[in-house]
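For reference, target-v4.txt is printed below; it contains compact mmCIF, C-alpha atoms.
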```txt
# COMPACT_ATOMS: atom_id res chain seq x y z
CA MET A 951 0.00 0.00 0.00
CA ASP A 952 1.54 3.32 -1.02
CA GLU A 953 1.13 6.64 0.84
CA TYR A 954 -1.78 7.68 -1.38
CA GLU A 955 -3.72 4.53 -0.48
CA ARG A 956 -2.85 4.90 3.21
CA ILE A 957 -4.38 8.39 3.23
CA ILE A 958 -7.54 7.16 1.51
CA ALA A 959 -7.81 4.13 3.78
CA ALA A 960 -7.44 6.26 6.91
CA SER A 961 -10.11 8.68 5.69
CA LEU A 962 -12.55 5.96 4.77
CA ALA A 963 -11.90 3.93 7.93
CA ALA A 964 -13.60 6.68 9.89
CA GLU A 965 -16.70 6.00 7.74
CA ASP A 966 -17.22 9.67 7.05
CA ILE A 967 -16.21 13.15 8.04
CA PRO A 968 -18.21 14.29 11.07
CA THR A 969 -20.50 17.18 10.16
CA GLU A 970 -23.04 19.44 11.79
CA PRO A 971 -25.46 20.30 8.98
CA ASP A 972 -26.26 24.02 8.91
CA GLU A 973 -29.44 24.49 6.91
CA ASP A 974 -29.51 28.28 7.38
CA LYS A 975 -26.05 28.49 5.86
CA PHE A 976 -27.16 26.12 3.12
CA ALA A 977 -30.02 28.52 2.29
CA GLU A 978 -27.46 31.29 1.81
CA LEU A 979 -25.26 28.97 -0.25
CA LEU A 980 -28.22 28.15 -2.47
CA LEU A 981 -28.87 31.86 -3.03
CA LEU A 982 -25.18 32.48 -3.66
CA VAL A 983 -24.93 29.77 -6.32
CA ALA A 984 -28.14 30.98 -7.98
CA GLU A 985 -26.67 34.50 -8.06
CA GLU A 986 -23.43 33.27 -9.60
CA LEU A 987 -25.37 31.38 -12.30
CA SER A 988 -27.80 34.21 -13.06
CA GLY A 989 -26.02 35.06 -16.32
CA ASP A 990 -25.67 31.43 -17.43
CA ARG A 991 -28.44 30.51 -19.86
CA PHE A 992 -28.15 26.90 -18.62
CA GLY A 993 -28.19 27.97 -14.95
CA GLY A 994 -31.31 26.09 -13.92
CA ILE A 995 -31.86 24.24 -10.68
CA ALA A 996 -30.37 21.03 -12.12
CA LYS A 997 -27.02 22.76 -12.58
CA VAL A 998 -27.33 24.47 -9.19
CA ASN A 999 -27.39 20.98 -7.62
CA LYS A 1000 -24.11 20.09 -9.30
CA VAL A 1001 -22.38 23.35 -8.35
CA LEU A 1002 -23.41 22.85 -4.72
CA PHE A 1003 -22.04 19.30 -4.75
CA PHE A 1004 -18.74 20.22 -6.41
CA ALA A 1005 -18.20 23.19 -4.07
CA GLU A 1006 -18.88 21.21 -0.88
CA PHE A 1007 -16.72 18.25 -1.88
CA ALA A 1008 -13.91 20.47 -3.21
CA HIS A 1009 -13.87 22.26 0.13
CA VAL A 1010 -13.53 18.89 1.88
CA ARG A 1011 -10.51 18.09 -0.28
CA GLN A 1012 -8.92 21.44 0.53
CA THR A 1013 -9.74 21.85 4.22
CA GLY A 1014 -11.14 18.55 5.49
CA ARG A 1015 -14.64 19.92 6.04
CA PRO A 1016 -17.66 20.75 3.87
CA ILE A 1017 -19.20 24.20 3.56
CA THR A 1018 -22.60 23.43 5.11
CA GLY A 1019 -22.47 19.75 6.04
CA VAL A 1020 -25.85 18.91 4.50
CA ARG A 1021 -26.13 15.46 2.98
CA TYR A 1022 -26.02 14.81 -0.75
CA GLN A 1023 -27.77 11.81 -2.26
CA LYS A 1024 -27.31 9.91 -5.48
CA LEU A 1025 -30.13 10.53 -7.95
CA PRO A 1026 -30.36 9.22 -11.53
CA HIS A 1027 -29.17 12.54 -12.96
CA GLY A 1028 -26.39 13.24 -10.50
CA PRO A 1029 -25.96 14.22 -6.87
CA ALA A 1030 -28.43 16.50 -5.10
CA PRO A 1031 -28.62 17.98 -1.61
CA ARG A 1032 -31.34 16.32 0.45
CA PRO A 1033 -32.74 19.56 1.89
CA LEU A 1034 -32.82 21.38 -1.46
CA ARG A 1035 -36.58 21.39 -2.02
CA PRO A 1036 -37.74 22.43 1.48
CA ILE A 1037 -35.08 25.12 1.76
CA ARG A 1038 -35.79 26.38 -1.76
CA ASP A 1039 -39.50 26.52 -0.87
CA ARG A 1040 -38.66 28.38 2.34
CA LEU A 1041 -36.65 30.96 0.40
CA VAL A 1042 -39.54 31.46 -2.01
CA ALA A 1043 -42.12 31.70 0.79
CA SER A 1044 -40.03 34.31 2.63
CA GLY A 1045 -39.64 36.45 -0.50
CA ALA A 1046 -35.88 35.84 -0.74
CA ALA A 1047 -36.21 34.12 -4.14
CA GLU A 1048 -38.66 33.03 -6.78
CA MET A 1049 -38.90 30.07 -9.11
CA ALA A 1050 -39.17 30.77 -12.84
CA THR A 1051 -39.74 28.48 -15.80
CA GLU A 1052 -37.82 29.19 -18.99
CA THR A 1053 -37.42 27.52 -22.34
CA VAL A 1054 -33.83 26.95 -23.43
CA LEU A 1055 -33.11 25.21 -26.73
CA GLY A 1056 -36.70 23.99 -26.76
CA ARG A 1057 -36.47 22.43 -23.29
CA GLU A 1058 -38.11 23.58 -20.08
CA GLN A 1059 -35.75 24.78 -17.38
CA HIS A 1060 -36.59 25.71 -13.79
CA ARG A 1061 -34.49 28.52 -12.36
CA LEU A 1062 -34.15 29.87 -8.85
CA ARG A 1063 -33.98 33.67 -9.03
CA PRO A 1064 -32.72 35.44 -5.90
CA LEU A 1065 -34.71 38.51 -4.85
CA ARG A 1066 -32.08 39.53 -2.31
CA PRO A 1067 -28.31 39.08 -2.19
CA ALA A 1068 -26.89 36.07 -0.40
CA ASP A 1069 -25.27 36.82 2.96
CA ARG A 1070 -21.65 36.34 1.94
CA SER A 1071 -20.48 37.10 5.47
CA ARG A 1072 -21.56 33.54 6.37
CA PHE A 1073 -18.71 32.13 4.26
CA SER A 1074 -14.95 31.97 4.70
CA ASP A 1075 -12.55 32.92 1.92
CA THR A 1076 -11.88 29.25 1.16
CA GLU A 1077 -15.60 28.54 0.96
CA LEU A 1078 -16.21 31.43 -1.43
CA THR A 1079 -13.29 30.26 -3.56
CA ALA A 1080 -14.70 26.72 -3.70
CA VAL A 1081 -18.03 28.10 -4.92
CA LYS A 1082 -16.34 30.36 -7.48
CA ASP A 1083 -14.26 27.46 -8.81
CA ALA A 1084 -17.28 25.12 -9.06
CA VAL A 1085 -19.24 27.77 -10.93
CA ALA A 1086 -16.31 28.38 -13.29
CA VAL A 1087 -16.05 24.67 -14.12
CA LEU A 1088 -19.75 24.34 -14.97
CA TYR A 1089 -20.59 27.79 -16.33
CA GLY A 1090 -21.97 27.60 -19.86
CA ARG A 1091 -22.31 23.81 -19.81
CA THR A 1092 -25.68 22.23 -20.39
CA ALA A 1093 -27.44 20.34 -17.59
CA ARG A 1094 -26.52 17.09 -19.39
CA GLU A 1095 -22.84 18.04 -19.50
CA ALA A 1096 -22.91 18.97 -15.81
CA THR A 1097 -24.62 15.65 -15.01
CA ASP A 1098 -22.02 13.70 -16.99
CA LEU A 1099 -19.20 15.47 -15.14
CA SER A 1100 -20.74 14.77 -11.73
CA GLY A 1101 -21.18 11.13 -12.74
CA GLU A 1102 -17.39 10.80 -12.89
CA GLU A 1103 -17.11 11.51 -9.15
CA PRO A 1104 -16.22 8.33 -7.23
CA GLY A 1105 -18.64 9.22 -4.42
CA TRP A 1106 -21.54 9.19 -6.84
CA ARG A 1107 -20.36 5.97 -8.46
CA ILE A 1108 -19.86 3.83 -5.36
CA VAL A 1109 -23.26 4.34 -3.73
CA ASP A 1110 -26.67 3.17 -4.87
CA GLU A 1111 -29.47 5.45 -5.99
CA GLY A 1112 -31.08 7.22 -3.05
CA GLU A 1113 -28.11 6.71 -0.73
CA ASP A 1114 -26.07 9.48 0.84
CA ILE A 1115 -22.67 10.19 -0.68
CA PRO A 1116 -20.09 10.13 2.14
CA TYR A 1117 -17.99 13.28 2.26
CA ALA A 1118 -14.89 11.10 2.78
CA THR A 1119 -15.18 9.99 -0.85
CA ALA A 1120 -14.00 13.48 -1.82
CA TYR A 1121 -10.49 12.07 -1.34
CA LEU A 1122 -10.97 9.52 -4.13
CA ALA A 1123 -9.70 11.07 -7.36
CA PRO A 1124 -11.79 10.58 -10.54
CA GLY A 1125 -10.08 8.16 -12.88
CA ASP A 1126 -7.00 7.82 -10.72
CA GLN A 1127 -5.51 4.43 -11.57
CA ARG A 1128 -3.63 4.32 -8.28
CA THR A 1129 -6.94 3.66 -6.50
CA SER A 1130 -6.70 -0.12 -6.28
CA PRO A 1131 -9.67 -2.50 -6.52
CA ARG A 1132 -9.17 -3.26 -2.82
CA ILE A 1133 -9.52 0.41 -1.88
CA GLN A 1134 -12.55 0.74 -4.17
CA ALA A 1135 -14.14 -2.28 -2.45
CA ARG A 1136 -13.41 -0.71 0.93
CA ALA A 1137 -15.07 2.52 -0.17
CA ARG A 1138 -18.11 0.54 -1.32
CA LYS A 1139 -18.30 -1.23 2.06
CA ILE A 1140 -18.08 2.08 3.92
CA ALA A 1141 -20.93 3.46 1.81
CA ASP A 1142 -23.02 0.32 2.46
CA ASP A 1143 -22.38 0.44 6.20
CA TYR A 1144 -23.18 4.13 6.24
CA ALA A 1145 -26.56 3.53 4.55
CA ARG A 1146 -27.45 0.58 6.82
CA GLN A 1147 -26.86 2.61 9.96
CA GLY A 1148 -29.86 4.72 9.07
CA ARG A 1149 -28.16 8.09 9.34
CA PRO A 1150 -30.78 10.83 9.36
CA ALA A 1151 -31.61 12.25 5.96
CA ARG A 1152 -31.07 15.98 6.19
```

Would you put the structure from the file into structure tokens?
Amino acid sequence: MDEYERIIAASLAAEDIPTEPDEDKFAELLLLVAEELSGDRFGGIAKVNKVLFFAEFAHVRQTGRPITGVRYQKLPHGPAPRPLRPIRDRLVASGAAEMATETVLGREQHRLRPLRPADRSRFSDTELTAVKDAVAVLYGRTAREATDLSGEEPGWRIVDEGEDIPYATAYLAPGDQRTSPRIQARARKIADDYARQGRPAR
């Protein structure tokens, strides 16, 4: 086992990174991402999901902790935060945002439009950078392209549909051939154990 595999094994042995989900901060993150995608003609809610996922998991890779700690689940068209719908609805009900339906290239797209600025004071410099980088990677891409890119993430690949994606899988590099079959099997077992323990869906 080389040093790379030792790091992965140690991270996965802990099952996952401990988190304290902060749904109020997630609401601000959702507004922030919607703001950043406001000029992107493909910036619908499907892409927002992917930007949120990439930003949170990139921040784990950089600092060892997510931005908000909310759980992301595997859905057929990529990862999505579990509390997205209720928090989005809360933002709309409070007048902080509205949902709009647009037609882009003949397809219907649902877009979250902020009606007030996100509270950027809730975020550290590294968190804001992670969001900026995730937006830059996906800006201008179609929802399908964003979905395909998120499908390359090991965390999405090693869990079953509907399961949470452990934050510890952020340390598994997409397409990295040094990740041995044994480490991949260990990651799969961690994900299975995590799902069986009935962690609360947040």

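Of the residues listed (A:Asn999, A:Thr969, A:Thr1051, A:Thr1097), A:Asn999 shows the shortest atom-to-atom separation from Leu981 of chain A; distances use all atoms listed in the file.
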
Counting all atoms listed in the file, which residue out of A:Glu1006, A:Glu986, A:Glu1102, A:Asp1039 sits closest to Pro971 of chain A?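 Of A:Glu1006, A:Glu986, A:Glu1102, A:Asp1039, the one nearest Pro971 of chain A, counting all atoms listed in the file, is A:Glu1006.
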
Distance query Ser1044 of chain A at most 12 Å, only C-alpha atoms, self and fewer than 4 positions along chain excluded, as a list in words: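 Counting only C-alpha atoms, the residues come to Ala977, Ile1037, Arg1038, Asp1039, Arg1040, Glu1048, Pro1064, Leu1065 and Arg1066 of chain A.
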
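Ranking A:Ala996, A:Ala1043, A:Val1010, A:Ala1068 by their shortest atom-to-atom distance to Glu1095 of chain A, with only C-alpha atoms included, puts A:Ala996 first.
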
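Closest approach to Val998 of chain A among A:Thr1053, A:Gln1059, A:Thr1076, A:Thr1119 is made by A:Gln1059 (distances from all atoms listed in the file).
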
With distances taken over all atoms listed in the file, which of A:Arg991, A:Arg1015, A:Lys1000, A:Arg1070 is nearest to Leu1055 of chain A? A:Arg991

Interatomic distance between atom CA of Leu1034 of chain A and atom CA of Gln1012 of chain A?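 These two atoms are separated by 24.0 Å.
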
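For Phe976 of chain A, the set of protein, DNA and RNA residues having any atom at most 10 Å away, when counting only C-alpha atoms and skipping those fewer than 3 positions along the same chain, is Pro971, Asp972, Glu973, Leu979, Leu980, Leu981, Leu982, Leu1002, Ile1017, Thr1018, Gly1019, Val1020, Pro1031, Pro1033, Leu1034, Ile1037, Arg1038 and Arg1072 of chain A.
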
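Distance check against Leu1122 of chain A using all atoms listed in the file: of A:Ile1108, A:Ala1086, A:Val1054, A:Ala984, the minimum falls on A:Ile1108.
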
In Å to one decimal, how far is atom CA of Tyr1022 of chain A from atom CA of Leu987 of chain A?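 Going from atom CA of Leu987 of chain A over to atom CA of Tyr1022 of chain A covers 20.2 Å.
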
Interatomic distance (Å, one decimal) between atom CA of Val1085 of chain A and atom CA of Val1001 of chain A: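 Calculated distance between atom CA of Val1085 of chain A and atom CA of Val1001 of chain A is 6.0 Å.
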
Hey, could you patch up segment 1043-1067 of chain A with N, CA, C and O atoms and hand it over as a compact mmCIF listing (two decimals), in the frame of the given file?
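Result file is out-v7.txt:
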```
# COMPACT_ATOMS: atom_id res chain seq x y z
N ALA A 1043 -41.04 31.26 -0.10
CA ALA A 1043 -42.12 31.70 0.79
C ALA A 1043 -41.75 32.97 1.55
O ALA A 1043 -42.62 33.82 1.82
N SER A 1044 -40.47 33.13 1.87
CA SER A 1044 -40.03 34.31 2.63
C SER A 1044 -39.79 35.53 1.73
O SER A 1044 -39.49 36.61 2.24
N GLY A 1045 -39.88 35.34 0.42
CA GLY A 1045 -39.64 36.45 -0.50
C GLY A 1045 -38.19 36.66 -0.84
O GLY A 1045 -37.82 37.65 -1.48
N ALA A 1046 -37.31 35.71 -0.44
CA ALA A 1046 -35.88 35.84 -0.74
C ALA A 1046 -35.55 35.41 -2.16
O ALA A 1046 -34.50 35.76 -2.70
N ALA A 1047 -36.45 34.63 -2.78
CA ALA A 1047 -36.21 34.12 -4.14
C ALA A 1047 -37.54 33.76 -4.78
O ALA A 1047 -38.59 33.73 -4.11
N GLU A 1048 -37.48 33.51 -6.07
CA GLU A 1048 -38.66 33.03 -6.78
C GLU A 1048 -38.22 31.95 -7.76
O GLU A 1048 -37.06 31.89 -8.17
N MET A 1049 -39.15 31.09 -8.10
CA MET A 1049 -38.90 30.07 -9.11
C MET A 1049 -39.48 30.56 -10.43
O MET A 1049 -40.58 31.10 -10.48
N ALA A 1050 -38.73 30.37 -11.50
CA ALA A 1050 -39.17 30.77 -12.84
C ALA A 1050 -38.98 29.59 -13.78
O ALA A 1050 -38.07 28.78 -13.60
N THR A 1051 -39.86 29.51 -14.77
CA THR A 1051 -39.74 28.48 -15.80
C THR A 1051 -39.36 29.15 -17.10
O THR A 1051 -39.99 30.13 -17.52
N GLU A 1052 -38.31 28.64 -17.73
CA GLU A 1052 -37.82 29.19 -18.99
C GLU A 1052 -37.75 28.08 -20.03
O GLU A 1052 -37.74 26.90 -19.69
N THR A 1053 -37.66 28.48 -21.28
CA THR A 1053 -37.42 27.52 -22.34
C THR A 1053 -36.05 27.82 -22.94
O THR A 1053 -35.78 28.94 -23.37
N VAL A 1054 -35.18 26.81 -22.90
CA VAL A 1054 -33.83 26.95 -23.43
C VAL A 1054 -33.59 25.83 -24.42
O VAL A 1054 -33.71 24.65 -24.07
N LEU A 1055 -33.31 26.19 -25.66
CA LEU A 1055 -33.11 25.21 -26.73
C LEU A 1055 -34.30 24.25 -26.83
O LEU A 1055 -34.13 23.04 -27.05
N GLY A 1056 -35.48 24.80 -26.63
CA GLY A 1056 -36.70 23.99 -26.76
C GLY A 1056 -37.03 23.12 -25.57
O GLY A 1056 -38.00 22.36 -25.60
N ARG A 1057 -36.23 23.23 -24.50
CA ARG A 1057 -36.47 22.43 -23.29
C ARG A 1057 -36.83 23.34 -22.13
O ARG A 1057 -36.29 24.43 -21.98
N GLU A 1058 -37.71 22.83 -21.26
CA GLU A 1058 -38.11 23.58 -20.08
C GLU A 1058 -37.02 23.53 -19.03
O GLU A 1058 -36.43 22.49 -18.78
N GLN A 1059 -36.76 24.68 -18.43
CA GLN A 1059 -35.75 24.78 -17.38
C GLN A 1059 -36.33 25.56 -16.21
O GLN A 1059 -36.95 26.60 -16.40
N HIS A 1060 -36.13 25.04 -15.00
CA HIS A 1060 -36.59 25.71 -13.79
C HIS A 1060 -35.41 26.42 -13.16
O HIS A 1060 -34.34 25.82 -12.96
N ARG A 1061 -35.60 27.70 -12.87
CA ARG A 1061 -34.49 28.52 -12.36
C ARG A 1061 -34.89 29.18 -11.05
O ARG A 1061 -36.00 29.68 -10.92
N LEU A 1062 -33.97 29.14 -10.10
CA LEU A 1062 -34.15 29.87 -8.85
C LEU A 1062 -33.58 31.27 -9.05
O LEU A 1062 -32.39 31.42 -9.36
N ARG A 1063 -34.43 32.29 -8.86
CA ARG A 1063 -33.98 33.67 -9.03
C ARG A 1063 -33.97 34.37 -7.67
O ARG A 1063 -35.02 34.59 -7.07
N PRO A 1064 -32.78 34.74 -7.18
CA PRO A 1064 -32.72 35.44 -5.90
C PRO A 1064 -33.38 36.82 -5.99
O PRO A 1064 -33.25 37.52 -6.99
N LEU A 1065 -34.09 37.18 -4.94
CA LEU A 1065 -34.71 38.51 -4.85
C LEU A 1065 -33.99 39.37 -3.82
O LEU A 1065 -34.37 40.51 -3.60
N ARG A 1066 -32.98 38.79 -3.20
CA ARG A 1066 -32.08 39.53 -2.31
C ARG A 1066 -30.70 38.90 -2.43
O ARG A 1066 -30.57 37.73 -2.80
N PRO A 1067 -29.65 39.65 -2.12
CA PRO A 1067 -28.31 39.08 -2.19
C PRO A 1067 -28.10 38.02 -1.10
O PRO A 1067 -28.67 38.11 -0.01
```
